Structure formats: C-alpha cells, structure tokens
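A short write-up of the structure that comes next.
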Amino acid sequence: MLRRDPSRRPPGPAAGHQSTHDTEDNILGVKGLSLKEFTKFAVTSNGTISSQNNNVKITGDVWIPDASDYQATAPTGNITVGPITGWPAPGQLETYYSYLVDTADPYTSGTIDVSNPAERGPLYASGAGNYVLTGTGALTGPLYINGNLYVDQYADIDLNGNTIFVTGSVQTNPQSMIAGPGALIAVGDVSFSPRTSPAYLLVMSVAGTVGFQPNGSFVGAVCGNVDISLQPNCSITWQDPGFGTLDLPGVYNHITGIQNWTIN
C-alpha cells in the first residue's frame, strides 16, 4: 500500500515553531478551506438547480444564490438564498488531498481495481489520463485521480470514510455501487448514477455540473458549481454526517491529529 511521503509531513514541535498552536490550515497552505458548511445542506449550487419533472424528492435544506435559479420540486426544508461562501478552489483541494497520498510514486495503470488491497488507497494515480475504477473492496485511504474517472459496472466500492478526489470529470455506471460514508469530489463534471447505501455521501463538482440520478435513494449532500440537474425519480435525504465519518477538510478529517500541537 502506498504511504504518505514522510518528507512532506510538516515539522513537529522539535523543529522550533514559534507560535503556540499550528493548525492544518497554515501548515498545508489551504487557509480558509472547509467543506463543513456544504455538509449541512441536501443540495448546494453556485449556479442553478433544475429537475425535469416533479418526481424528485429533497428531504433537507437547499442553498443557492438566487431563487430564480431554483427550478426543482420544493424541498421539505428551507431554501437559503444568498451568496455561496467558502466555495473551494481546485488548487486548494489538490493541495489538501495531495498531502494524503505519495505523489512521488504515482500509480500509472489506467485501471484501478479495489479487489487488490494495494489499490485501495492511499493512492495517487497519474499519467494515464483516463481511469477505470472497478472491483470490490473497502478503501483504506483516499484515491487521488489526476485525470478523468469512469466507475464501471463491476465496481462495488465501500468508501469507508474516505474521499475519491478527481482532477477531471467522473462518470458512473448505473450498475456500480458506491457505499458511504465518504465523498466523491471532482473538479470537472460529475455524472452520478450508481447504486448507493443509506450512509452519508457528499458528491461535489468544484468547477462543473452534476447530473444526478442515483440508482435508489441517496443519503447525504450534493454540490455543483455550475448546475445540478436532478433526473426523474431521484431522491436526496440529508442527515448529519456524524463525528469521525468523513475525510474532508474542516470536517473530522484524518490528518488533524498528526498536524495540530500546542507548544508551551
């Protein structure tokens, strides 16, 4: 299994820090990066939210900058109309997730098979451009995909609290399975149509659109920068993600424990 490069770990207390407390923000150079607010809404879009018919059910709150850009079935919760604050920049997330993988030793095959324990993460895939995610298994760390990702029909992925981060676009096969808790974040467009489990998932397009039609009920949050298109008969049910279940910046992430210390 790939390990984090020790040379990239921030210095510890013995290295002579002058401040009394160092946080993950200033150590990683991603000050202000947090996805915590986005986990509180069922649907969040910087642009538009639309559905093709009324056979869409949103149980939870919605956040959108302009009410006129919401063209979907009314949610059971509130619609917050106002600027989307704290939207992440692609470079911030690239910095954050690159810290959790070994970028000095990229995985270059175009197929990532989680049936193989060595490919369950932490894994940095770079060089192939387009990747296929397949196999059955539970992730043991994040997957950082430098390119585009297709989740094929044979994929049965338990995110196990981890994140799949993709610098390009993501497309899933309707027969694939993505089980939470966890997150699927892409810089580009996301076409999300797998089978899911009743555990919290965050699905996010940082700079593109989300086409959303899970094969069954979805629990968690959906975020899209340009547009979220809710396809017929889909449902989104928000629930609190719970403590310690997601590896997201600002949300119970896995790296806080090794990065925060107090020097008296």
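Following the order of the structure tokens, chains are lettered A, B, ..., residues in each are numbered from 1, and ligands are numbered from 1.
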
List every residue of segment 75-232 of chain A that DSSP, applied to the backbone, labels as strand (DSSP E or B), and write the result as a PyMOL selection string.
-> chain A and resi 79-81+107+111-113+123-134+136-138+143-151+156-158+163-166+170-172+177-179+182-186+190-192+195-196+201-205+209-212+218-224+227-230

Enumerate, in order of chain and increasing residue number, the residues of segment 202-230 of chain A with an atom no farther than 10 Å from segment 73-89 of chain A, each with its shortest atom pair and distance in Å to one decimal, counting only C-alpha atoms, as a tab-separated table.
residue	atom	partner	partner_atom	distance
A:Val206	CA	A:Pro88	CA	6.9
A:Ala207	CA	A:Ala89	CA	8.3
A:Cys223	CA	A:Trp87	CA	9.9
A:Asn225	CA	A:Trp87	CA	8.5
A:Leu230	CA	A:Thr73	CA	9.7

Written selection (N, CA and C atoms) as an mmCIF file, in the first residue's frame:
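And here's selection-v6.cif as it stands now:
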data_model
loop_
_atom_site.group_PDB
_atom_site.id
_atom_site.type_symbol
_atom_site.label_atom_id
_atom_site.label_comp_id
_atom_site.auth_asym_id
_atom_site.auth_seq_id
_atom_site.Cartn_x
_atom_site.Cartn_y
_atom_site.Cartn_z
ATOM 1 N N VAL A 206 -16.496 20.766 -8.367
ATOM 2 C CA VAL A 206 -15.909 22.025 -7.917
ATOM 3 C C VAL A 206 -16.057 23.120 -8.969
ATOM 4 N N ALA A 207 -15.942 22.753 -10.241
ATOM 5 C CA ALA A 207 -15.967 23.765 -11.296
ATOM 6 C C ALA A 207 -16.930 23.433 -12.427
ATOM 7 N N CYS A 223 -23.403 18.903 -4.301
ATOM 8 C CA CYS A 223 -22.928 20.261 -4.530
ATOM 9 C C CYS A 223 -22.420 20.384 -5.961
ATOM 10 N N ASN A 225 -21.068 23.429 -8.968
ATOM 11 C CA ASN A 225 -20.707 24.825 -9.170
ATOM 12 C C ASN A 225 -21.568 25.506 -10.229
ATOM 13 N N LEU A 230 -31.268 17.389 -11.542
ATOM 14 C CA LEU A 230 -31.870 16.273 -10.815
ATOM 15 C C LEU A 230 -32.756 15.502 -11.784
#

**OP:** Have a look at atom CA of Pro106 of chain A and atom CA of Ala138 of chain A and let me know their distance in Å, one decimal.
**Re:**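 Between these atoms lies a distance of 20.5 Å.
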
Which residues, written as a VMD selection string, have at least one atom at most 7 Å from Phe41 of chain A, with only C-alpha atoms counted and residues fewer than 4 positions away on the same chain left out?
chain A and resid 60 to 63 221 238

For the selection just defined, write its residues with C-alpha atoms to a file, as an mmCIF file, in the first residue's frame.
data_model
loop_
_atom_site.group_PDB
_atom_site.id
_atom_site.type_symbol
_atom_site.label_atom_id
_atom_site.label_comp_id
_atom_site.auth_asym_id
_atom_site.auth_seq_id
_atom_site.Cartn_x
_atom_site.Cartn_y
_atom_site.Cartn_z
ATOM 1 C CA GLY A 60 -33.420 18.719 3.769
ATOM 2 C CA ASP A 61 -32.303 22.269 3.083
ATOM 3 C CA VAL A 62 -31.137 23.902 -0.150
ATOM 4 C CA TRP A 63 -28.573 26.703 -0.609
ATOM 5 C CA ALA A 221 -25.325 16.132 0.147
ATOM 6 C CA TRP A 238 -29.950 14.822 4.216
#

Residue among A:Pro65, A:Pro194, A:Pro122, A:Gly127 lying closest to Ile157 of chain A, counting only C-alpha atoms:
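Comparing A:Pro65, A:Pro194, A:Pro122, A:Gly127 against Ile157 of chain A, the winner is A:Pro194.
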
Give me the residues near Gly168 of chain A as a list of chain:residue names, where near means some atom within 10 Å (using only C-alpha atoms) and where sequence neighbours in that chain fewer than 2 positions away do not count.
A:Gly129, A:Asn130, A:Ile145, A:Asn146, A:Gly147, A:Asn148, A:Leu149, A:Phe165, A:Val166, A:Val170, A:Ile185, A:Ala186, A:Val187, A:Gly188, A:Asp189, A:Val190, A:Ser205, A:Ala207, A:Gly208

Among listed residues A:Ser68, A:Ser109, A:Thr95, A:Asn215, nearest Gly47 of chain A (using only C-alpha atoms)
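Selected residue with least distance to Gly47 of chain A: A:Ser68.
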
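Taking atom CA of Ser50 of chain A and atom CA of Pro214 of chain A as the two end points, the separation is 15.6 Å.
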
Counting only C-alpha atoms, closest pick from A:Gln175, A:Ser115, A:Ser191, A:Thr136 relative to Met204 of chain A is A:Ser191

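Look at Tyr96 of chain A: the protein and nucleic acid residues within 8 Å of it, using only C-alpha atoms and passing over chain neighbours fewer than 3 places away, are Leu28, Val30, Gln92, Leu93, Tyr99, Leu100 and Pro249 of chain A.
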
Please save N, CA and C atoms of the selected residues as a PDB file, in the first residue's frame.
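To be explicit, this is the file written out as again_19.pdb:
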ATOM      1  N   LEU A  28      -0.730  23.423   5.705  1.00  0.00           N
ATOM      2  CA  LEU A  28      -0.960  22.907   4.359  1.00  0.00           C
ATOM      3  C   LEU A  28      -1.066  23.993   3.291  1.00  0.00           C
ATOM      4  N   VAL A  30      -3.654  25.893   2.838  1.00  0.00           N
ATOM      5  CA  VAL A  30      -5.034  25.930   2.347  1.00  0.00           C
ATOM      6  C   VAL A  30      -5.912  26.683   3.344  1.00  0.00           C
ATOM      7  N   GLN A  92      -6.854  24.419  -4.000  1.00  0.00           N
ATOM      8  CA  GLN A  92      -6.901  24.149  -2.563  1.00  0.00           C
ATOM      9  C   GLN A  92      -7.120  22.665  -2.285  1.00  0.00           C
ATOM     10  N   LEU A  93      -8.085  22.082  -3.005  1.00  0.00           N
ATOM     11  CA  LEU A  93      -8.364  20.660  -2.792  1.00  0.00           C
ATOM     12  C   LEU A  93      -7.228  19.791  -3.313  1.00  0.00           C
ATOM     13  N   TYR A  99      -1.549  15.886  -0.047  1.00  0.00           N
ATOM     14  CA  TYR A  99      -0.829  15.632   1.198  1.00  0.00           C
ATOM     15  C   TYR A  99      -1.084  14.220   1.724  1.00  0.00           C
ATOM     16  N   LEU A 100      -2.222  13.657   1.388  1.00  0.00           N
ATOM     17  CA  LEU A 100      -2.614  12.360   1.948  1.00  0.00           C
ATOM     18  C   LEU A 100      -2.134  11.171   1.124  1.00  0.00           C
ATOM     19  N   PRO A 249     -11.712  18.366   4.381  1.00  0.00           N
ATOM     20  CA  PRO A 249     -11.115  19.498   5.098  1.00  0.00           C
ATOM     21  C   PRO A 249     -12.158  20.240   5.919  1.00  0.00           C
TER      22      PRO A 249
END

- [ ] Would you work out the distance separating atom CA of Val132 of chain A from atom CA of Gly224 of chain A, expressed in Å to one decimal?
- [x]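 A separation of 22.7 Å between them.
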
Excluding segment 233-237 of chain A and its own-chain neighbours fewer than 4 positions away, which residues fall within 12 Å of it when counting only C-alpha atoms? Please give them as a short mmCIF file (atom, residue, chain, number, x, y, z; two decimals) with all heavy atoms, in the first residue's frame.
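Resulting contents of out.cif:
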data_model
loop_
_atom_site.label_atom_id
_atom_site.label_comp_id
_atom_site.auth_asym_id
_atom_site.auth_seq_id
_atom_site.Cartn_x
_atom_site.Cartn_y
_atom_site.Cartn_z
N THR A 39 -21.80 20.31 4.02
CA THR A 39 -22.37 19.06 4.53
C THR A 39 -23.69 19.29 5.26
O THR A 39 -24.38 18.34 5.60
CB THR A 39 -21.39 18.35 5.49
OG1 THR A 39 -21.22 19.14 6.68
CG2 THR A 39 -20.04 18.13 4.84
N LYS A 40 -24.05 20.56 5.48
CA LYS A 40 -25.26 20.87 6.23
C LYS A 40 -26.50 20.99 5.35
O LYS A 40 -27.61 21.14 5.86
CB LYS A 40 -25.07 22.17 7.01
CG LYS A 40 -23.95 22.12 8.05
CD LYS A 40 -23.79 23.47 8.73
CE LYS A 40 -22.66 23.45 9.75
NZ LYS A 40 -22.48 24.77 10.39
N PHE A 41 -26.31 20.98 4.03
CA PHE A 41 -27.42 21.15 3.09
C PHE A 41 -27.57 19.90 2.24
O PHE A 41 -26.59 19.23 1.91
CB PHE A 41 -27.16 22.36 2.19
CG PHE A 41 -27.19 23.67 2.91
CD1 PHE A 41 -26.06 24.15 3.55
CD2 PHE A 41 -28.36 24.42 2.96
CE1 PHE A 41 -26.08 25.36 4.23
CE2 PHE A 41 -28.40 25.64 3.64
CZ PHE A 41 -27.25 26.11 4.28
N ALA A 42 -28.80 19.62 1.86
CA ALA A 42 -29.03 18.48 0.96
C ALA A 42 -28.51 18.80 -0.43
O ALA A 42 -27.92 17.94 -1.10
CB ALA A 42 -30.52 18.14 0.91
N VAL A 43 -28.71 20.04 -0.88
CA VAL A 43 -28.28 20.46 -2.22
C VAL A 43 -27.73 21.88 -2.14
O VAL A 43 -28.36 22.76 -1.54
CB VAL A 43 -29.45 20.43 -3.24
CG1 VAL A 43 -28.93 20.74 -4.64
CG2 VAL A 43 -30.15 19.08 -3.23
N THR A 44 -26.54 22.09 -2.73
CA THR A 44 -25.94 23.42 -2.80
C THR A 44 -25.41 23.63 -4.20
O THR A 44 -24.70 22.78 -4.74
CB THR A 44 -24.76 23.56 -1.81
OG1 THR A 44 -25.21 23.30 -0.48
CG2 THR A 44 -24.16 24.96 -1.88
N SER A 51 -34.80 20.30 -12.35
CA SER A 51 -35.28 18.93 -12.48
C SER A 51 -36.22 18.85 -13.67
O SER A 51 -36.84 19.85 -14.05
CB SER A 51 -35.99 18.46 -11.21
OG SER A 51 -37.10 19.29 -10.93
N GLN A 52 -36.31 17.68 -14.27
CA GLN A 52 -37.11 17.52 -15.48
C GLN A 52 -38.59 17.35 -15.19
O GLN A 52 -39.42 17.59 -16.06
CB GLN A 52 -36.58 16.32 -16.28
CG GLN A 52 -35.19 16.53 -16.83
CD GLN A 52 -34.75 15.38 -17.71
OE1 GLN A 52 -35.51 14.46 -17.98
NE2 GLN A 52 -33.51 15.43 -18.17
N ASN A 53 -38.91 16.90 -13.98
CA ASN A 53 -40.33 16.76 -13.62
C ASN A 53 -40.44 16.83 -12.11
O ASN A 53 -39.48 17.14 -11.41
CB ASN A 53 -40.92 15.45 -14.18
CG ASN A 53 -40.16 14.23 -13.68
OD1 ASN A 53 -39.66 14.21 -12.56
ND2 ASN A 53 -40.07 13.21 -14.51
N ASN A 54 -41.61 16.57 -11.61
CA ASN A 54 -41.85 16.69 -10.17
C ASN A 54 -41.54 15.41 -9.39
O ASN A 54 -41.75 15.37 -8.18
CB ASN A 54 -43.31 17.09 -9.92
CG ASN A 54 -43.59 18.50 -10.38
OD1 ASN A 54 -42.72 19.37 -10.30
ND2 ASN A 54 -44.80 18.75 -10.87
N ASN A 55 -41.05 14.40 -10.08
CA ASN A 55 -40.76 13.14 -9.40
C ASN A 55 -39.37 13.15 -8.77
O ASN A 55 -38.57 12.24 -8.93
CB ASN A 55 -40.88 11.97 -10.39
CG ASN A 55 -42.29 11.77 -10.87
OD1 ASN A 55 -43.24 12.02 -10.12
ND2 ASN A 55 -42.45 11.35 -12.11
N VAL A 56 -39.08 14.22 -8.06
CA VAL A 56 -37.82 14.39 -7.35
C VAL A 56 -38.16 14.75 -5.91
O VAL A 56 -39.04 15.59 -5.67
CB VAL A 56 -36.95 15.49 -7.99
CG1 VAL A 56 -35.75 15.82 -7.12
CG2 VAL A 56 -36.50 15.07 -9.38
N LYS A 57 -37.48 14.15 -4.96
CA LYS A 57 -37.76 14.41 -3.56
C LYS A 57 -36.48 14.84 -2.86
O LYS A 57 -35.48 14.12 -2.87
CB LYS A 57 -38.34 13.16 -2.88
CG LYS A 57 -38.71 13.38 -1.42
CD LYS A 57 -39.31 12.13 -0.80
CE LYS A 57 -39.70 12.36 0.65
NZ LYS A 57 -40.27 11.14 1.27
N ILE A 58 -36.51 16.04 -2.26
CA ILE A 58 -35.38 16.55 -1.50
C ILE A 58 -35.82 16.69 -0.05
O ILE A 58 -36.70 17.50 0.27
CB ILE A 58 -34.89 17.91 -2.03
CG1 ILE A 58 -34.46 17.79 -3.49
CG2 ILE A 58 -33.75 18.44 -1.17
CD1 ILE A 58 -34.11 19.13 -4.12
N THR A 59 -35.22 15.90 0.81
CA THR A 59 -35.51 15.96 2.24
C THR A 59 -34.34 16.65 2.92
O THR A 59 -33.29 16.04 3.14
CB THR A 59 -35.73 14.56 2.83
OG1 THR A 59 -36.78 13.91 2.11
CG2 THR A 59 -36.09 14.63 4.30
N GLY A 60 -34.52 17.93 3.22
CA GLY A 60 -33.42 18.72 3.77
C GLY A 60 -33.44 20.12 3.21
O GLY A 60 -34.38 20.53 2.52
N ASP A 61 -32.38 20.88 3.49
CA ASP A 61 -32.30 22.27 3.08
C ASP A 61 -31.54 22.43 1.77
O ASP A 61 -30.74 21.57 1.38
CB ASP A 61 -31.61 23.09 4.16
CG ASP A 61 -32.38 23.13 5.47
OD1 ASP A 61 -33.61 22.87 5.43
OD2 ASP A 61 -31.77 23.41 6.51
N VAL A 62 -31.78 23.57 1.12
CA VAL A 62 -31.14 23.90 -0.15
C VAL A 62 -30.47 25.27 -0.01
O VAL A 62 -31.02 26.18 0.62
CB VAL A 62 -32.17 23.93 -1.30
CG1 VAL A 62 -31.56 24.50 -2.58
CG2 VAL A 62 -32.71 22.52 -1.56
N ALA A 72 -36.83 23.33 -9.28
CA ALA A 72 -37.00 21.94 -8.87
C ALA A 72 -38.13 21.85 -7.86
O ALA A 72 -38.64 22.86 -7.37
CB ALA A 72 -35.70 21.40 -8.27
N THR A 73 -38.52 20.62 -7.54
CA THR A 73 -39.53 20.39 -6.53
C THR A 73 -39.12 21.03 -5.21
O THR A 73 -37.94 20.97 -4.83
CB THR A 73 -39.74 18.88 -6.32
OG1 THR A 73 -40.07 18.29 -7.58
CG2 THR A 73 -40.86 18.62 -5.32
N PRO A 75 -38.12 21.57 -1.55
CA PRO A 75 -37.61 20.64 -0.54
C PRO A 75 -38.48 20.64 0.70
O PRO A 75 -39.31 21.54 0.89
CB PRO A 75 -36.22 21.21 -0.24
CG PRO A 75 -36.38 22.68 -0.45
CD PRO A 75 -37.34 22.82 -1.60
N THR A 76 -38.28 19.66 1.55
CA THR A 76 -39.02 19.65 2.82
C THR A 76 -38.47 20.70 3.76
O THR A 76 -39.17 21.15 4.66
CB THR A 76 -38.91 18.27 3.50
OG1 THR A 76 -37.53 18.01 3.81
CG2 THR A 76 -39.44 17.18 2.61
N GLY A 77 -37.21 21.08 3.57
CA GLY A 77 -36.58 22.07 4.45
C GLY A 77 -36.63 23.46 3.86
O GLY A 77 -37.47 23.79 3.02
N PHE A 192 -23.56 11.16 -11.93
CA PHE A 192 -23.67 10.27 -10.78
C PHE A 192 -24.93 9.42 -10.88
O PHE A 192 -26.05 9.94 -10.75
CB PHE A 192 -23.69 11.11 -9.49
CG PHE A 192 -23.60 10.30 -8.24
CD1 PHE A 192 -22.37 9.88 -7.74
CD2 PHE A 192 -24.75 9.97 -7.53
CE1 PHE A 192 -22.29 9.15 -6.57
CE2 PHE A 192 -24.68 9.24 -6.36
CZ PHE A 192 -23.44 8.82 -5.88
N SER A 193 -24.75 8.11 -11.10
CA SER A 193 -25.92 7.24 -11.26
C SER A 193 -25.72 5.85 -10.66
O SER A 193 -26.37 4.90 -11.10
CB SER A 193 -26.25 7.08 -12.75
OG SER A 193 -25.14 6.51 -13.45
N PRO A 194 -24.85 5.68 -9.64
CA PRO A 194 -24.65 4.33 -9.12
C PRO A 194 -25.73 3.92 -8.13
O PRO A 194 -26.58 4.72 -7.73
CB PRO A 194 -23.30 4.45 -8.40
CG PRO A 194 -23.34 5.84 -7.85
CD PRO A 194 -24.04 6.66 -8.91
N ARG A 195 -25.68 2.67 -7.71
CA ARG A 195 -26.41 2.24 -6.53
C ARG A 195 -25.69 2.80 -5.30
O ARG A 195 -24.47 2.95 -5.30
CB ARG A 195 -26.49 0.72 -6.46
CG ARG A 195 -27.28 0.09 -7.60
CD ARG A 195 -27.28 -1.43 -7.51
NE ARG A 195 -25.96 -1.98 -7.78
CZ ARG A 195 -25.31 -2.79 -6.97
NH1 ARG A 195 -25.83 -3.16 -5.81
NH2 ARG A 195 -24.12 -3.25 -7.30
N THR A 196 -26.43 3.14 -4.26
CA THR A 196 -25.82 3.70 -3.06
C THR A 196 -26.38 3.02 -1.82
O THR A 196 -27.41 2.35 -1.86
CB THR A 196 -26.08 5.21 -2.96
OG1 THR A 196 -27.50 5.45 -2.92
CG2 THR A 196 -25.47 5.96 -4.14
N SER A 197 -25.68 3.21 -0.71
CA SER A 197 -26.13 2.68 0.58
C SER A 197 -26.74 3.81 1.39
O SER A 197 -26.52 4.98 1.09
CB SER A 197 -24.93 2.09 1.34
OG SER A 197 -24.02 3.13 1.70
N PRO A 198 -27.51 3.50 2.44
CA PRO A 198 -28.12 4.56 3.26
C PRO A 198 -27.14 5.14 4.26
O PRO A 198 -27.42 5.22 5.47
CB PRO A 198 -29.28 3.82 3.94
CG PRO A 198 -28.79 2.43 4.07
CD PRO A 198 -27.97 2.17 2.83
N ALA A 199 -25.96 5.52 3.80
CA ALA A 199 -24.94 6.15 4.63
C ALA A 199 -24.46 7.41 3.93
O ALA A 199 -24.47 7.49 2.70
CB ALA A 199 -23.77 5.19 4.88
N TYR A 200 -24.01 8.38 4.68
CA TYR A 200 -23.75 9.72 4.17
C TYR A 200 -22.70 9.74 3.06
O TYR A 200 -21.59 9.23 3.21
CB TYR A 200 -23.28 10.62 5.31
CG TYR A 200 -23.24 12.09 4.95
CD1 TYR A 200 -24.29 12.93 5.30
CD2 TYR A 200 -22.17 12.64 4.26
CE1 TYR A 200 -24.28 14.27 4.97
CE2 TYR A 200 -22.15 13.98 3.93
CZ TYR A 200 -23.20 14.80 4.29
OH TYR A 200 -23.17 16.13 3.95
N LEU A 201 -23.07 10.38 1.94
CA LEU A 201 -22.16 10.65 0.84
C LEU A 201 -22.21 12.13 0.50
O LEU A 201 -23.29 12.73 0.50
CB LEU A 201 -22.55 9.86 -0.42
CG LEU A 201 -22.29 8.36 -0.45
CD1 LEU A 201 -22.90 7.76 -1.71
CD2 LEU A 201 -20.80 8.07 -0.41
N LEU A 202 -21.06 12.71 0.22
CA LEU A 202 -21.01 14.04 -0.36
C LEU A 202 -20.52 13.91 -1.79
O LEU A 202 -19.47 13.32 -2.04
CB LEU A 202 -20.09 14.97 0.43
CG LEU A 202 -20.04 16.41 -0.11
CD1 LEU A 202 -20.07 17.42 1.03
CD2 LEU A 202 -18.80 16.65 -0.97
N VAL A 203 -21.31 14.42 -2.74
CA VAL A 203 -20.96 14.41 -4.16
C VAL A 203 -20.80 15.85 -4.60
O VAL A 203 -21.73 16.66 -4.43
CB VAL A 203 -22.03 13.69 -4.99
CG1 VAL A 203 -21.70 13.80 -6.49
CG2 VAL A 203 -22.15 12.24 -4.58
N GLY A 211 -24.85 15.85 -12.94
CA GLY A 211 -26.03 15.15 -13.42
C GLY A 211 -26.34 14.06 -12.42
O GLY A 211 -25.54 13.13 -12.24
N PHE A 212 -27.49 14.16 -11.75
CA PHE A 212 -27.72 13.35 -10.56
C PHE A 212 -28.90 12.41 -10.75
O PHE A 212 -30.04 12.85 -10.87
CB PHE A 212 -27.96 14.27 -9.37
CG PHE A 212 -27.94 13.56 -8.04
CD1 PHE A 212 -26.75 13.19 -7.45
CD2 PHE A 212 -29.13 13.28 -7.38
CE1 PHE A 212 -26.72 12.55 -6.23
CE2 PHE A 212 -29.12 12.64 -6.16
CZ PHE A 212 -27.91 12.27 -5.58
N GLN A 213 -28.62 11.12 -10.81
CA GLN A 213 -29.68 10.11 -10.90
C GLN A 213 -29.20 8.81 -10.27
O GLN A 213 -28.94 7.83 -10.96
CB GLN A 213 -30.10 9.87 -12.35
CG GLN A 213 -31.38 9.04 -12.46
CD GLN A 213 -31.88 8.94 -13.89
OE1 GLN A 213 -31.10 9.00 -14.84
NE2 GLN A 213 -33.19 8.81 -14.05
N PRO A 214 -29.09 8.80 -8.94
CA PRO A 214 -28.65 7.57 -8.29
C PRO A 214 -29.66 6.45 -8.48
O PRO A 214 -30.86 6.70 -8.65
CB PRO A 214 -28.54 7.97 -6.81
CG PRO A 214 -29.49 9.12 -6.67
CD PRO A 214 -29.43 9.85 -7.99
N ASN A 215 -29.16 5.24 -8.48
CA ASN A 215 -29.99 4.06 -8.67
C ASN A 215 -30.54 3.62 -7.30
O ASN A 215 -30.09 2.66 -6.71
CB ASN A 215 -29.15 2.95 -9.32
CG ASN A 215 -30.00 1.76 -9.74
OD1 ASN A 215 -31.19 1.70 -9.49
ND2 ASN A 215 -29.36 0.81 -10.38
N GLY A 216 -31.49 4.40 -6.81
CA GLY A 216 -32.04 4.17 -5.48
C GLY A 216 -31.96 5.44 -4.67
O GLY A 216 -31.59 6.50 -5.15
N SER A 217 -32.34 5.36 -3.39
CA SER A 217 -32.34 6.52 -2.52
C SER A 217 -30.92 6.93 -2.17
O SER A 217 -30.04 6.09 -1.99
CB SER A 217 -33.12 6.23 -1.24
OG SER A 217 -34.47 5.94 -1.54
N PHE A 218 -30.71 8.24 -2.07
CA PHE A 218 -29.40 8.79 -1.76
C PHE A 218 -29.46 9.53 -0.44
O PHE A 218 -30.38 10.32 -0.20
CB PHE A 218 -28.98 9.75 -2.88
CG PHE A 218 -27.69 10.49 -2.62
CD1 PHE A 218 -26.47 9.94 -3.00
CD2 PHE A 218 -27.70 11.73 -1.99
CE1 PHE A 218 -25.29 10.62 -2.76
CE2 PHE A 218 -26.52 12.41 -1.75
CZ PHE A 218 -25.31 11.85 -2.14
N VAL A 219 -28.47 9.30 0.41
CA VAL A 219 -28.37 9.97 1.70
C VAL A 219 -27.10 10.81 1.71
O VAL A 219 -26.01 10.29 1.47
CB VAL A 219 -28.35 8.95 2.86
CG1 VAL A 219 -28.10 9.66 4.19
CG2 VAL A 219 -29.66 8.17 2.91
N GLY A 220 -27.25 12.10 1.99
CA GLY A 220 -26.07 12.95 2.06
C GLY A 220 -26.30 14.31 1.46
O GLY A 220 -27.34 14.94 1.67
N ALA A 221 -25.29 14.79 0.68
CA ALA A 221 -25.33 16.13 0.15
C ALA A 221 -24.79 16.14 -1.28
O ALA A 221 -23.88 15.38 -1.61
CB ALA A 221 -24.49 17.07 1.02
N VAL A 222 -25.36 17.04 -2.10
CA VAL A 222 -24.94 17.18 -3.50
C VAL A 222 -24.58 18.65 -3.72
O VAL A 222 -25.36 19.54 -3.39
CB VAL A 222 -26.06 16.76 -4.46
CG1 VAL A 222 -25.57 16.86 -5.91
CG2 VAL A 222 -26.52 15.34 -4.16
N CYS A 223 -23.40 18.90 -4.30
CA CYS A 223 -22.93 20.26 -4.53
C CYS A 223 -22.42 20.38 -5.96
O CYS A 223 -21.63 19.55 -6.41
CB CYS A 223 -21.79 20.62 -3.58
SG CYS A 223 -22.12 20.32 -1.83
N SER A 229 -28.43 19.01 -12.14
CA SER A 229 -29.60 18.53 -12.86
C SER A 229 -30.11 17.28 -12.17
O SER A 229 -29.44 16.23 -12.19
CB SER A 229 -29.24 18.23 -14.32
OG SER A 229 -30.34 17.67 -15.00
N PRO A 241 -23.75 14.10 9.04
CA PRO A 241 -22.72 13.11 8.69
C PRO A 241 -22.15 12.37 9.88
O PRO A 241 -21.58 11.29 9.73
CB PRO A 241 -21.64 13.95 7.99
CG PRO A 241 -21.88 15.35 8.43
CD PRO A 241 -23.36 15.46 8.65
#
